Structure formats: C-alpha cells, structure tokens
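Listing of protein-v7.txt; format and content: compact mmCIF, N, CA and C atoms.
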# COMPACT_ATOMS: atom_id res chain seq x y z
N MET A 1 -5.77 11.17 -4.96
CA MET A 1 -6.58 9.98 -4.86
C MET A 1 -6.17 9.19 -3.63
N LYS A 2 -7.15 8.85 -2.83
CA LYS A 2 -6.92 8.01 -1.66
C LYS A 2 -7.91 6.86 -1.71
N HIS A 3 -7.45 5.71 -1.23
CA HIS A 3 -8.33 4.55 -1.16
C HIS A 3 -8.29 4.03 0.28
N LEU A 4 -9.45 3.62 0.78
CA LEU A 4 -9.56 3.12 2.14
C LEU A 4 -9.90 1.63 2.13
N THR A 5 -9.14 0.87 2.89
CA THR A 5 -9.37 -0.57 3.06
C THR A 5 -9.60 -0.81 4.55
N ARG A 6 -10.66 -1.51 4.88
CA ARG A 6 -10.93 -1.86 6.27
C ARG A 6 -10.66 -3.35 6.47
N THR A 7 -9.99 -3.66 7.58
CA THR A 7 -9.74 -5.04 7.95
C THR A 7 -9.70 -5.13 9.47
N ARG A 8 -9.42 -6.30 9.95
CA ARG A 8 -9.39 -6.53 11.40
C ARG A 8 -8.07 -7.23 11.74
N VAL A 9 -7.48 -6.87 12.88
CA VAL A 9 -6.26 -7.52 13.34
C VAL A 9 -6.60 -8.96 13.72
N ARG A 10 -5.96 -9.91 13.05
CA ARG A 10 -6.23 -11.32 13.30
C ARG A 10 -5.28 -11.87 14.37
N TYR A 11 -5.68 -12.96 14.98
CA TYR A 11 -4.92 -13.56 16.08
C TYR A 11 -3.47 -13.85 15.67
N GLY A 12 -3.28 -14.41 14.50
CA GLY A 12 -1.94 -14.76 14.02
C GLY A 12 -1.07 -13.56 13.72
N GLU A 13 -1.62 -12.36 13.76
CA GLU A 13 -0.86 -11.14 13.50
C GLU A 13 -0.40 -10.46 14.79
N THR A 14 -0.66 -11.13 15.93
CA THR A 14 -0.34 -10.53 17.22
C THR A 14 0.72 -11.34 17.96
N ASP A 15 1.30 -10.70 18.97
CA ASP A 15 2.23 -11.40 19.85
C ASP A 15 1.47 -11.98 21.04
N LYS A 16 2.18 -12.49 22.01
CA LYS A 16 1.58 -13.13 23.17
C LYS A 16 0.67 -12.18 23.96
N MET A 17 0.92 -10.89 23.87
CA MET A 17 0.14 -9.89 24.61
C MET A 17 -1.07 -9.39 23.82
N GLY A 18 -1.26 -9.92 22.61
CA GLY A 18 -2.39 -9.49 21.79
C GLY A 18 -2.15 -8.21 21.02
N VAL A 19 -0.89 -7.77 20.93
CA VAL A 19 -0.51 -6.55 20.21
C VAL A 19 -0.03 -6.94 18.82
N ALA A 20 -0.46 -6.20 17.82
CA ALA A 20 -0.05 -6.50 16.45
C ALA A 20 1.47 -6.46 16.31
N TYR A 21 2.01 -7.50 15.71
CA TYR A 21 3.44 -7.64 15.45
C TYR A 21 3.87 -6.59 14.43
N TYR A 22 5.01 -5.95 14.68
CA TYR A 22 5.44 -4.83 13.85
C TYR A 22 5.59 -5.18 12.37
N GLY A 23 5.99 -6.40 12.05
CA GLY A 23 6.18 -6.80 10.66
C GLY A 23 4.89 -6.89 9.86
N ARG A 24 3.76 -7.04 10.54
CA ARG A 24 2.46 -7.17 9.87
C ARG A 24 2.04 -5.86 9.19
N TYR A 25 2.58 -4.76 9.62
CA TYR A 25 2.20 -3.48 9.02
C TYR A 25 2.54 -3.45 7.53
N MET A 26 3.65 -4.09 7.17
CA MET A 26 4.01 -4.17 5.75
C MET A 26 3.00 -5.01 4.98
N ASP A 27 2.48 -6.06 5.63
CA ASP A 27 1.41 -6.84 4.99
C ASP A 27 0.18 -5.96 4.76
N TRP A 28 -0.15 -5.13 5.73
CA TRP A 28 -1.31 -4.24 5.58
C TRP A 28 -1.06 -3.17 4.53
N PHE A 29 0.19 -2.69 4.43
CA PHE A 29 0.53 -1.76 3.35
C PHE A 29 0.28 -2.44 2.00
N GLU A 30 0.70 -3.71 1.89
CA GLU A 30 0.51 -4.45 0.63
C GLU A 30 -0.98 -4.63 0.34
N MET A 31 -1.76 -4.94 1.36
CA MET A 31 -3.20 -5.07 1.18
C MET A 31 -3.79 -3.76 0.66
N GLY A 32 -3.37 -2.65 1.25
CA GLY A 32 -3.86 -1.34 0.83
C GLY A 32 -3.51 -1.00 -0.60
N ARG A 33 -2.25 -1.24 -0.99
CA ARG A 33 -1.87 -0.88 -2.37
C ARG A 33 -2.50 -1.81 -3.39
N SER A 34 -2.68 -3.09 -3.04
CA SER A 34 -3.38 -4.00 -3.95
C SER A 34 -4.82 -3.56 -4.15
N ASP A 35 -5.51 -3.23 -3.05
CA ASP A 35 -6.89 -2.74 -3.14
C ASP A 35 -6.97 -1.43 -3.90
N PHE A 36 -5.99 -0.54 -3.67
CA PHE A 36 -5.94 0.76 -4.37
C PHE A 36 -5.88 0.52 -5.88
N CYS A 37 -4.94 -0.31 -6.32
CA CYS A 37 -4.78 -0.56 -7.77
C CYS A 37 -6.02 -1.24 -8.34
N ARG A 38 -6.57 -2.21 -7.62
CA ARG A 38 -7.78 -2.90 -8.07
C ARG A 38 -8.93 -1.91 -8.21
N ALA A 39 -9.08 -1.02 -7.22
CA ALA A 39 -10.16 -0.02 -7.26
C ALA A 39 -9.99 0.95 -8.42
N MET A 40 -8.74 1.17 -8.83
CA MET A 40 -8.47 2.06 -9.95
C MET A 40 -8.57 1.33 -11.29
N GLY A 41 -8.88 0.02 -11.24
CA GLY A 41 -9.10 -0.73 -12.46
C GLY A 41 -7.88 -1.42 -13.03
N LYS A 42 -6.79 -1.50 -12.26
CA LYS A 42 -5.58 -2.14 -12.79
C LYS A 42 -4.87 -2.89 -11.67
N SER A 43 -5.27 -4.14 -11.47
CA SER A 43 -4.67 -4.96 -10.42
C SER A 43 -3.21 -5.26 -10.74
N PHE A 44 -2.48 -5.71 -9.72
CA PHE A 44 -1.09 -6.11 -9.95
C PHE A 44 -1.02 -7.24 -10.97
N ALA A 45 -2.00 -8.14 -10.95
CA ALA A 45 -2.03 -9.24 -11.92
C ALA A 45 -2.14 -8.70 -13.35
N LEU A 46 -2.94 -7.66 -13.53
CA LEU A 46 -3.08 -7.05 -14.85
C LEU A 46 -1.79 -6.36 -15.28
N TRP A 47 -1.15 -5.62 -14.35
CA TRP A 47 0.15 -5.01 -14.68
C TRP A 47 1.12 -6.09 -15.16
N GLU A 48 1.17 -7.21 -14.40
CA GLU A 48 2.12 -8.26 -14.74
C GLU A 48 1.79 -8.93 -16.06
N SER A 49 0.50 -9.07 -16.38
CA SER A 49 0.13 -9.64 -17.67
C SER A 49 0.56 -8.74 -18.82
N GLU A 50 0.75 -7.46 -18.53
CA GLU A 50 1.23 -6.50 -19.54
C GLU A 50 2.75 -6.38 -19.52
N GLY A 51 3.41 -7.19 -18.68
CA GLY A 51 4.87 -7.19 -18.66
C GLY A 51 5.50 -6.18 -17.73
N VAL A 52 4.71 -5.58 -16.82
CA VAL A 52 5.23 -4.60 -15.87
C VAL A 52 5.16 -5.18 -14.47
N PHE A 53 6.32 -5.29 -13.82
CA PHE A 53 6.39 -5.82 -12.46
C PHE A 53 6.84 -4.68 -11.53
N LEU A 54 6.35 -4.71 -10.29
CA LEU A 54 6.60 -3.62 -9.36
C LEU A 54 7.20 -4.13 -8.04
N PRO A 55 8.45 -4.57 -8.04
CA PRO A 55 9.04 -5.04 -6.78
C PRO A 55 9.30 -3.87 -5.82
N VAL A 56 9.20 -4.16 -4.54
CA VAL A 56 9.51 -3.16 -3.52
C VAL A 56 11.03 -2.96 -3.49
N VAL A 57 11.46 -1.70 -3.57
CA VAL A 57 12.89 -1.40 -3.50
C VAL A 57 13.23 -0.59 -2.25
N GLU A 58 12.19 -0.08 -1.58
CA GLU A 58 12.40 0.69 -0.35
C GLU A 58 11.11 0.65 0.45
N ALA A 59 11.22 0.55 1.77
CA ALA A 59 10.04 0.54 2.63
C ALA A 59 10.35 1.25 3.94
N HIS A 60 9.34 1.92 4.47
CA HIS A 60 9.50 2.64 5.73
C HIS A 60 8.18 2.61 6.49
N CYS A 61 8.26 2.46 7.80
CA CYS A 61 7.06 2.52 8.64
C CYS A 61 7.41 3.20 9.96
N ARG A 62 6.57 4.14 10.35
CA ARG A 62 6.70 4.80 11.66
C ARG A 62 5.48 4.41 12.47
N TYR A 63 5.73 3.83 13.63
CA TYR A 63 4.66 3.32 14.49
C TYR A 63 4.26 4.40 15.49
N LYS A 64 2.96 4.63 15.62
CA LYS A 64 2.45 5.70 16.47
C LYS A 64 1.70 5.18 17.69
N SER A 65 0.89 4.14 17.51
CA SER A 65 0.14 3.56 18.63
C SER A 65 -0.16 2.10 18.32
N SER A 66 -0.28 1.30 19.36
CA SER A 66 -0.46 -0.14 19.20
C SER A 66 -1.84 -0.50 18.67
N LEU A 67 -1.86 -1.58 17.91
CA LEU A 67 -3.12 -2.18 17.45
C LEU A 67 -3.28 -3.50 18.15
N LEU A 68 -4.51 -3.84 18.50
CA LEU A 68 -4.78 -5.03 19.30
C LEU A 68 -5.60 -6.05 18.54
N TYR A 69 -5.50 -7.30 18.99
CA TYR A 69 -6.27 -8.40 18.42
C TYR A 69 -7.75 -8.04 18.35
N GLU A 70 -8.36 -8.34 17.21
CA GLU A 70 -9.78 -8.12 16.93
C GLU A 70 -10.14 -6.67 16.62
N GLU A 71 -9.19 -5.77 16.73
CA GLU A 71 -9.47 -4.35 16.46
C GLU A 71 -9.63 -4.13 14.95
N GLU A 72 -10.65 -3.35 14.59
CA GLU A 72 -10.81 -2.97 13.19
C GLU A 72 -9.85 -1.83 12.88
N ILE A 73 -9.25 -1.91 11.68
CA ILE A 73 -8.33 -0.87 11.25
C ILE A 73 -8.69 -0.40 9.84
N ASP A 74 -8.35 0.84 9.57
CA ASP A 74 -8.50 1.42 8.25
C ASP A 74 -7.12 1.68 7.68
N ILE A 75 -6.91 1.23 6.45
CA ILE A 75 -5.65 1.44 5.75
C ILE A 75 -5.91 2.44 4.63
N GLU A 76 -5.31 3.60 4.74
CA GLU A 76 -5.47 4.64 3.72
C GLU A 76 -4.25 4.60 2.80
N THR A 77 -4.50 4.46 1.51
CA THR A 77 -3.42 4.33 0.53
C THR A 77 -3.55 5.39 -0.55
N SER A 78 -2.42 5.96 -0.93
CA SER A 78 -2.38 6.92 -2.03
C SER A 78 -1.03 6.77 -2.74
N VAL A 79 -0.94 7.37 -3.91
CA VAL A 79 0.33 7.43 -4.63
C VAL A 79 0.93 8.80 -4.33
N SER A 80 2.13 8.81 -3.76
CA SER A 80 2.75 10.07 -3.38
C SER A 80 3.80 10.55 -4.37
N ASN A 81 4.31 9.63 -5.20
CA ASN A 81 5.33 10.04 -6.17
C ASN A 81 5.41 9.03 -7.31
N VAL A 82 5.57 9.54 -8.52
CA VAL A 82 5.80 8.71 -9.69
C VAL A 82 6.94 9.33 -10.47
N THR A 83 7.94 8.48 -10.79
CA THR A 83 9.03 8.93 -11.66
C THR A 83 9.02 8.02 -12.88
N LYS A 84 9.96 8.20 -13.77
CA LYS A 84 10.03 7.34 -14.96
C LYS A 84 10.33 5.90 -14.61
N VAL A 85 10.96 5.66 -13.45
CA VAL A 85 11.39 4.30 -13.10
C VAL A 85 10.78 3.75 -11.81
N SER A 86 9.93 4.54 -11.13
CA SER A 86 9.39 4.04 -9.86
C SER A 86 8.07 4.72 -9.49
N VAL A 87 7.38 4.09 -8.54
CA VAL A 87 6.16 4.65 -7.97
C VAL A 87 6.25 4.45 -6.46
N THR A 88 5.79 5.45 -5.71
CA THR A 88 5.78 5.37 -4.24
C THR A 88 4.34 5.43 -3.75
N PHE A 89 3.96 4.40 -2.99
CA PHE A 89 2.65 4.35 -2.36
C PHE A 89 2.81 4.76 -0.90
N SER A 90 1.98 5.69 -0.44
CA SER A 90 1.98 6.11 0.95
C SER A 90 0.80 5.46 1.66
N ASN A 91 1.03 5.09 2.92
CA ASN A 91 -0.02 4.44 3.71
C ASN A 91 -0.12 5.07 5.08
N LYS A 92 -1.34 5.12 5.57
CA LYS A 92 -1.62 5.45 6.96
C LYS A 92 -2.57 4.39 7.48
N ILE A 93 -2.31 3.92 8.68
CA ILE A 93 -3.18 2.94 9.31
C ILE A 93 -3.80 3.59 10.54
N PHE A 94 -5.12 3.54 10.60
CA PHE A 94 -5.88 4.17 11.68
C PHE A 94 -6.67 3.14 12.48
N HIS A 95 -6.89 3.43 13.75
CA HIS A 95 -7.87 2.69 14.54
C HIS A 95 -9.22 3.07 13.95
N ALA A 96 -10.01 2.11 13.49
CA ALA A 96 -11.26 2.42 12.79
C ALA A 96 -12.26 3.15 13.68
N ASP A 97 -12.31 2.79 14.96
CA ASP A 97 -13.33 3.39 15.83
C ASP A 97 -13.00 4.83 16.23
N THR A 98 -11.73 5.18 16.39
CA THR A 98 -11.36 6.53 16.84
C THR A 98 -10.68 7.36 15.76
N HIS A 99 -10.28 6.74 14.70
CA HIS A 99 -9.51 7.34 13.61
C HIS A 99 -8.15 7.87 14.09
N LYS A 100 -7.68 7.32 15.23
CA LYS A 100 -6.35 7.66 15.74
C LYS A 100 -5.30 6.99 14.86
N LEU A 101 -4.26 7.73 14.50
CA LEU A 101 -3.19 7.20 13.66
C LEU A 101 -2.39 6.15 14.42
N ALA A 102 -2.27 4.97 13.84
CA ALA A 102 -1.48 3.88 14.44
C ALA A 102 -0.11 3.76 13.79
N ALA A 103 -0.02 4.05 12.49
CA ALA A 103 1.25 3.94 11.77
C ALA A 103 1.14 4.67 10.44
N GLU A 104 2.28 5.07 9.93
CA GLU A 104 2.34 5.67 8.60
C GLU A 104 3.66 5.32 7.96
N GLY A 105 3.64 5.23 6.64
CA GLY A 105 4.86 4.88 5.94
C GLY A 105 4.66 4.82 4.45
N TYR A 106 5.59 4.18 3.78
CA TYR A 106 5.51 4.10 2.32
C TYR A 106 6.28 2.89 1.83
N THR A 107 5.97 2.52 0.60
CA THR A 107 6.78 1.55 -0.14
C THR A 107 7.06 2.15 -1.52
N LYS A 108 8.29 2.01 -1.95
CA LYS A 108 8.70 2.49 -3.27
C LYS A 108 8.94 1.27 -4.14
N HIS A 109 8.45 1.32 -5.37
CA HIS A 109 8.50 0.18 -6.28
C HIS A 109 9.15 0.60 -7.60
N ALA A 110 10.07 -0.23 -8.07
CA ALA A 110 10.68 -0.01 -9.39
C ALA A 110 9.78 -0.63 -10.45
N PHE A 111 9.85 -0.11 -11.66
CA PHE A 111 9.19 -0.73 -12.81
C PHE A 111 10.22 -1.63 -13.48
N ILE A 112 9.95 -2.95 -13.52
CA ILE A 112 10.86 -3.85 -14.21
C ILE A 112 10.06 -4.78 -15.13
N ASP A 113 10.78 -5.39 -16.08
CA ASP A 113 10.13 -6.39 -16.94
C ASP A 113 10.35 -7.78 -16.33
N SER A 114 9.89 -8.81 -16.99
CA SER A 114 9.96 -10.17 -16.44
C SER A 114 11.39 -10.69 -16.30
N THR A 115 12.35 -10.03 -16.96
CA THR A 115 13.75 -10.46 -16.83
C THR A 115 14.49 -9.66 -15.76
N GLY A 116 13.80 -8.70 -15.14
CA GLY A 116 14.42 -7.87 -14.10
C GLY A 116 15.02 -6.58 -14.63
N LYS A 117 14.83 -6.33 -15.93
CA LYS A 117 15.37 -5.11 -16.53
C LYS A 117 14.49 -3.92 -16.16
N LEU A 118 15.13 -2.82 -15.78
CA LEU A 118 14.42 -1.61 -15.41
C LEU A 118 13.67 -1.03 -16.60
N LEU A 119 12.40 -0.73 -16.39
CA LEU A 119 11.58 -0.09 -17.41
C LEU A 119 11.47 1.39 -17.10
N ARG A 120 11.14 2.13 -18.09
CA ARG A 120 10.95 3.57 -17.88
C ARG A 120 9.52 3.93 -18.28
N ASP A 121 8.56 3.29 -17.56
CA ASP A 121 7.14 3.45 -17.86
C ASP A 121 6.41 4.43 -16.95
N GLY A 122 7.15 5.19 -16.17
CA GLY A 122 6.53 6.11 -15.22
C GLY A 122 5.56 7.08 -15.86
N ASN A 123 5.89 7.56 -17.04
CA ASN A 123 4.99 8.49 -17.72
C ASN A 123 3.66 7.83 -18.03
N LYS A 124 3.70 6.56 -18.43
CA LYS A 124 2.49 5.81 -18.73
C LYS A 124 1.64 5.63 -17.46
N LEU A 125 2.28 5.31 -16.35
CA LEU A 125 1.56 5.14 -15.08
C LEU A 125 0.99 6.47 -14.61
N GLU A 126 1.77 7.52 -14.73
CA GLU A 126 1.30 8.84 -14.30
C GLU A 126 0.07 9.26 -15.11
N GLU A 127 0.09 9.02 -16.42
CA GLU A 127 -1.07 9.34 -17.26
C GLU A 127 -2.28 8.52 -16.83
N TRP A 128 -2.08 7.22 -16.54
CA TRP A 128 -3.17 6.36 -16.11
C TRP A 128 -3.76 6.85 -14.79
N LEU A 129 -2.90 7.21 -13.82
CA LEU A 129 -3.38 7.71 -12.54
C LEU A 129 -4.14 9.03 -12.70
N ARG A 130 -3.62 9.91 -13.54
CA ARG A 130 -4.29 11.19 -13.78
C ARG A 130 -5.67 10.95 -14.39
N GLU A 131 -5.74 10.04 -15.35
CA GLU A 131 -7.01 9.66 -15.98
C GLU A 131 -8.00 9.17 -14.92
N LYS A 132 -7.55 8.29 -14.03
CA LYS A 132 -8.41 7.71 -13.01
C LYS A 132 -8.87 8.76 -12.00
N SER A 133 -8.01 9.72 -11.68
CA SER A 133 -8.39 10.74 -10.70
C SER A 133 -9.46 11.67 -11.28
N ILE A 134 -9.44 11.86 -12.59
CA ILE A 134 -10.47 12.67 -13.25
C ILE A 134 -11.81 11.93 -13.24
N GLU A 135 -11.74 10.60 -13.47
CA GLU A 135 -12.96 9.79 -13.47
C GLU A 135 -13.61 9.72 -12.10
N ASN A 136 -12.79 9.69 -11.02
CA ASN A 136 -13.34 9.54 -9.67
C ASN A 136 -13.70 10.87 -9.15
What does this structure look like when you write it as structure tokens?
Amino acid sequence: MKHLTRTRVRYGETDKMGVAYYGRYMDWFEMGRSDFCRAMGKSFALWESEGVFLPVVEAHCRYKSSLLYEEEIDIETSVSNVTKVSVTFSNKIFHADTHKLAAEGYTKHAFIDSTGKLLRDGNKLEEWLREKSIEN
C-alpha cells in the first residue's frame, strides 16, 4: 500500500537562496504518514482516542536533490515494517513535474499508552493494514 500526498514548498520552508531547509523533510514525512493513516480510515487522532500513541523513536532521511520555493512535490508513504511494538513508515519525496527523487527515508514509531508504557499491539495494526490493503 502506498499513499501519495501533493504539496508545495512554502516560502517559510526555504533558506535565503530559496532552497528547502533540510529539517522540513521530516515535516513532509509527518504530513505523508498522517494522510496515509487518514486515507486508510484511522487518523492519528483516532488511534489516540483508542489509547494508542505512536511517538517517533528513530528517523532517517537521505537527500538526493534540492527542492525550491513554490515547487510542487509528491510525498509517497508506505508502511515498510510492523512488529509487536513498532511500525515503520517509509517516505519518498519527488519533484512533482519530473518525478525525480528528492529525498527518501523513514520514521519508526513505538506503540505506547497514555502513560508512556510500551504496548504490544503490532499484531492488531498488522491485521488492520492487511484488511485495508485487501479493500483497496
């Protein structure tokens, strides 16, 4: 399952030269995974209302080519790994007009409850994702 989110590089996301600031890529990863979960019918707000929180415990980004102010970008998001205690979302960011890869990376999230205690709900998430992939 892959989900595509399109957005545009905003002025506040760039440096003085009009190039997207490297830290903004993590914001775009977050936008992609939020849209991915929402498209699958289970927003982060819904997870949290059910007592499941997904803090980032690991993040990685490899930069391939610069993104510029006003440029449209596509954020491709998928789930690359689910264990009993975590889920990993993979992202690729492309220049929308050429589909040239600008960056790729991932964020890994632990399953915790509202007190910060580690949950072992990976099997439940994996079943939900499998269900959704059959529906789509």
Inset, instruction - Select, from A:Ser49, A:Ser65, A:Thr7, A:Thr77, the residue with the minimum atom-to-atom distance to Arg33 of chain A, counting only N, CA and C atoms. - result: A:Thr77
Close residues, segment 102-109 of chain A itself excluded, 6 Å, only C-alpha atoms, min 6 positions apart in chain, as an mmCIF file with N, CA and C atoms, in the frame of the given file:
data_model
loop_
_atom_site.group_PDB
_atom_site.id
_atom_site.type_symbol
_atom_site.label_atom_id
_atom_site.label_comp_id
_atom_site.auth_asym_id
_atom_site.auth_seq_id
_atom_site.Cartn_x
_atom_site.Cartn_y
_atom_site.Cartn_z
ATOM 1 N N LEU A 54 6.350 -4.710 -10.290
ATOM 2 C CA LEU A 54 6.600 -3.620 -9.360
ATOM 3 C C LEU A 54 7.200 -4.130 -8.040
ATOM 4 N N PRO A 55 8.450 -4.570 -8.040
ATOM 5 C CA PRO A 55 9.040 -5.040 -6.780
ATOM 6 C C PRO A 55 9.300 -3.870 -5.820
ATOM 7 N N VAL A 56 9.200 -4.160 -4.540
ATOM 8 C CA VAL A 56 9.510 -3.160 -3.520
ATOM 9 C C VAL A 56 11.030 -2.960 -3.490
ATOM 10 N N VAL A 57 11.460 -1.700 -3.570
ATOM 11 C CA VAL A 57 12.890 -1.400 -3.500
ATOM 12 C C VAL A 57 13.230 -0.590 -2.250
ATOM 13 N N GLU A 58 12.190 -0.080 -1.580
ATOM 14 C CA GLU A 58 12.400 0.690 -0.350
ATOM 15 C C GLU A 58 11.110 0.650 0.450
ATOM 16 N N ALA A 59 11.220 0.550 1.770
ATOM 17 C CA ALA A 59 10.040 0.540 2.630
ATOM 18 C C ALA A 59 10.350 1.250 3.940
ATOM 19 N N HIS A 60 9.340 1.920 4.470
ATOM 20 C CA HIS A 60 9.500 2.640 5.730
ATOM 21 C C HIS A 60 8.180 2.610 6.490
ATOM 22 N N CYS A 61 8.260 2.460 7.800
ATOM 23 C CA CYS A 61 7.060 2.520 8.640
ATOM 24 C C CYS A 61 7.410 3.200 9.960
ATOM 25 N N ARG A 62 6.570 4.140 10.350
ATOM 26 C CA ARG A 62 6.700 4.800 11.660
ATOM 27 C C ARG A 62 5.480 4.410 12.470
ATOM 28 N N TYR A 63 5.730 3.830 13.630
ATOM 29 C CA TYR A 63 4.660 3.320 14.490
ATOM 30 C C TYR A 63 4.260 4.400 15.490
ATOM 31 N N LYS A 64 2.960 4.630 15.620
ATOM 32 C CA LYS A 64 2.450 5.700 16.470
ATOM 33 C C LYS A 64 1.700 5.180 17.690
ATOM 34 N N SER A 65 0.890 4.140 17.510
ATOM 35 C CA SER A 65 0.140 3.560 18.630
ATOM 36 C C SER A 65 -0.160 2.100 18.320
ATOM 37 N N SER A 86 9.930 4.540 -11.130
ATOM 38 C CA SER A 86 9.390 4.040 -9.860
ATOM 39 C C SER A 86 8.070 4.720 -9.490
ATOM 40 N N VAL A 87 7.380 4.090 -8.540
ATOM 41 C CA VAL A 87 6.160 4.650 -7.970
ATOM 42 C C VAL A 87 6.250 4.450 -6.460
ATOM 43 N N THR A 88 5.790 5.450 -5.710
ATOM 44 C CA THR A 88 5.780 5.370 -4.240
ATOM 45 C C THR A 88 4.340 5.430 -3.750
ATOM 46 N N PHE A 89 3.960 4.400 -2.990
ATOM 47 C CA PHE A 89 2.650 4.350 -2.360
ATOM 48 C C PHE A 89 2.810 4.760 -0.900
ATOM 49 N N SER A 90 1.980 5.690 -0.440
ATOM 50 C CA SER A 90 1.980 6.110 0.950
ATOM 51 C C SER A 90 0.800 5.460 1.660
ATOM 52 N N ASN A 91 1.030 5.090 2.920
ATOM 53 C CA ASN A 91 -0.020 4.440 3.710
ATOM 54 C C ASN A 91 -0.120 5.070 5.080
ATOM 55 N N LYS A 92 -1.340 5.120 5.570
ATOM 56 C CA LYS A 92 -1.620 5.450 6.960
ATOM 57 C C LYS A 92 -2.570 4.390 7.480
ATOM 58 N N ILE A 93 -2.310 3.920 8.680
ATOM 59 C CA ILE A 93 -3.180 2.940 9.310
ATOM 60 C C ILE A 93 -3.800 3.590 10.540
ATOM 61 N N PHE A 94 -5.120 3.540 10.600
ATOM 62 C CA PHE A 94 -5.880 4.170 11.680
ATOM 63 C C PHE A 94 -6.670 3.140 12.480
#
Leaving out Tyr11 of chain A and any residue of its chain fewer than 2 positions from it, which residues lie within 6 Å of it when counting only C-alpha atoms, given as a PDB file with N, CA and C atoms, in the coordinates of the input?
ATOM      1  N   GLU A  13      -1.620 -12.360  13.760  1.00  0.00           N
ATOM      2  CA  GLU A  13      -0.860 -11.140  13.500  1.00  0.00           C
ATOM      3  C   GLU A  13      -0.400 -10.460  14.790  1.00  0.00           C
ATOM      4  N   THR A  14      -0.660 -11.130  15.930  1.00  0.00           N
ATOM      5  CA  THR A  14      -0.340 -10.530  17.220  1.00  0.00           C
ATOM      6  C   THR A  14       0.720 -11.340  17.960  1.00  0.00           C
ATOM      7  N   TYR A  69      -5.500  -7.300  18.990  1.00  0.00           N
ATOM      8  CA  TYR A  69      -6.270  -8.400  18.420  1.00  0.00           C
ATOM      9  C   TYR A  69      -7.750  -8.040  18.350  1.00  0.00           C
TER      10      TYR A  69
END
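You will find atom CA of His99 of chain A at 17.0 Å from atom CA of Ala20 of chain A.
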Inset, instruction - Please identify which residues in chain A DSSP calls helix (DSSP H, G or I) from the backbone, and express them as a VMD selection string. - result: chain A and resid 11 to 13 24 to 39 44 to 49 122 to 135
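For the pair atom C of Leu101 of chain A and atom N of Ala39 of chain A, the separation is 23.8 Å.
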Inset, instruction - Identify the residues around (-9.3, 5.1, 4.6) within a radius of 6 Å, measuring from all atoms listed in the file in the coordinates stated by the file, and give them as number ranges by chain. - result: A: 3-5, 74-77
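Counting from atom CA of Asn81 of chain A, the distance to atom CA of Leu119 of chain A is 16.4 Å.
Between Arg6 of chain A and the candidates A:Leu68, A:Ile73, A:Cys37, A:Val19, the tightest atom-to-atom separation, counting only N, CA and C atoms, involves A:Ile73.
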Inset, instruction - Would you mind writing down, as a PyMOL selection string, each residue of segment 9-84 of chain A that DSSP on the backbone assigns to strand (DSSP E or B)? - result: chain A and resi 14+19-20+53+56-63+68+72-82
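With only C-alpha atoms as the basis for measurement, A:Leu46 is the residue among A:Leu67, A:Val85, A:Leu46, A:Met1 that approaches Ser34 of chain A most closely.
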Inset, instruction - Counting all atoms listed in the file, figure out which residue out of A:Gly41, A:Gly23, A:Gly32, A:Gly12 gets nearest to Ser78 of chain A. - result: A:Gly32
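If you measure from each of A:Ser66, A:Phe53, A:Glu72, A:Tyr21 to Val9 of chain A using only C-alpha atoms, the closest one turns out to be A:Glu72.
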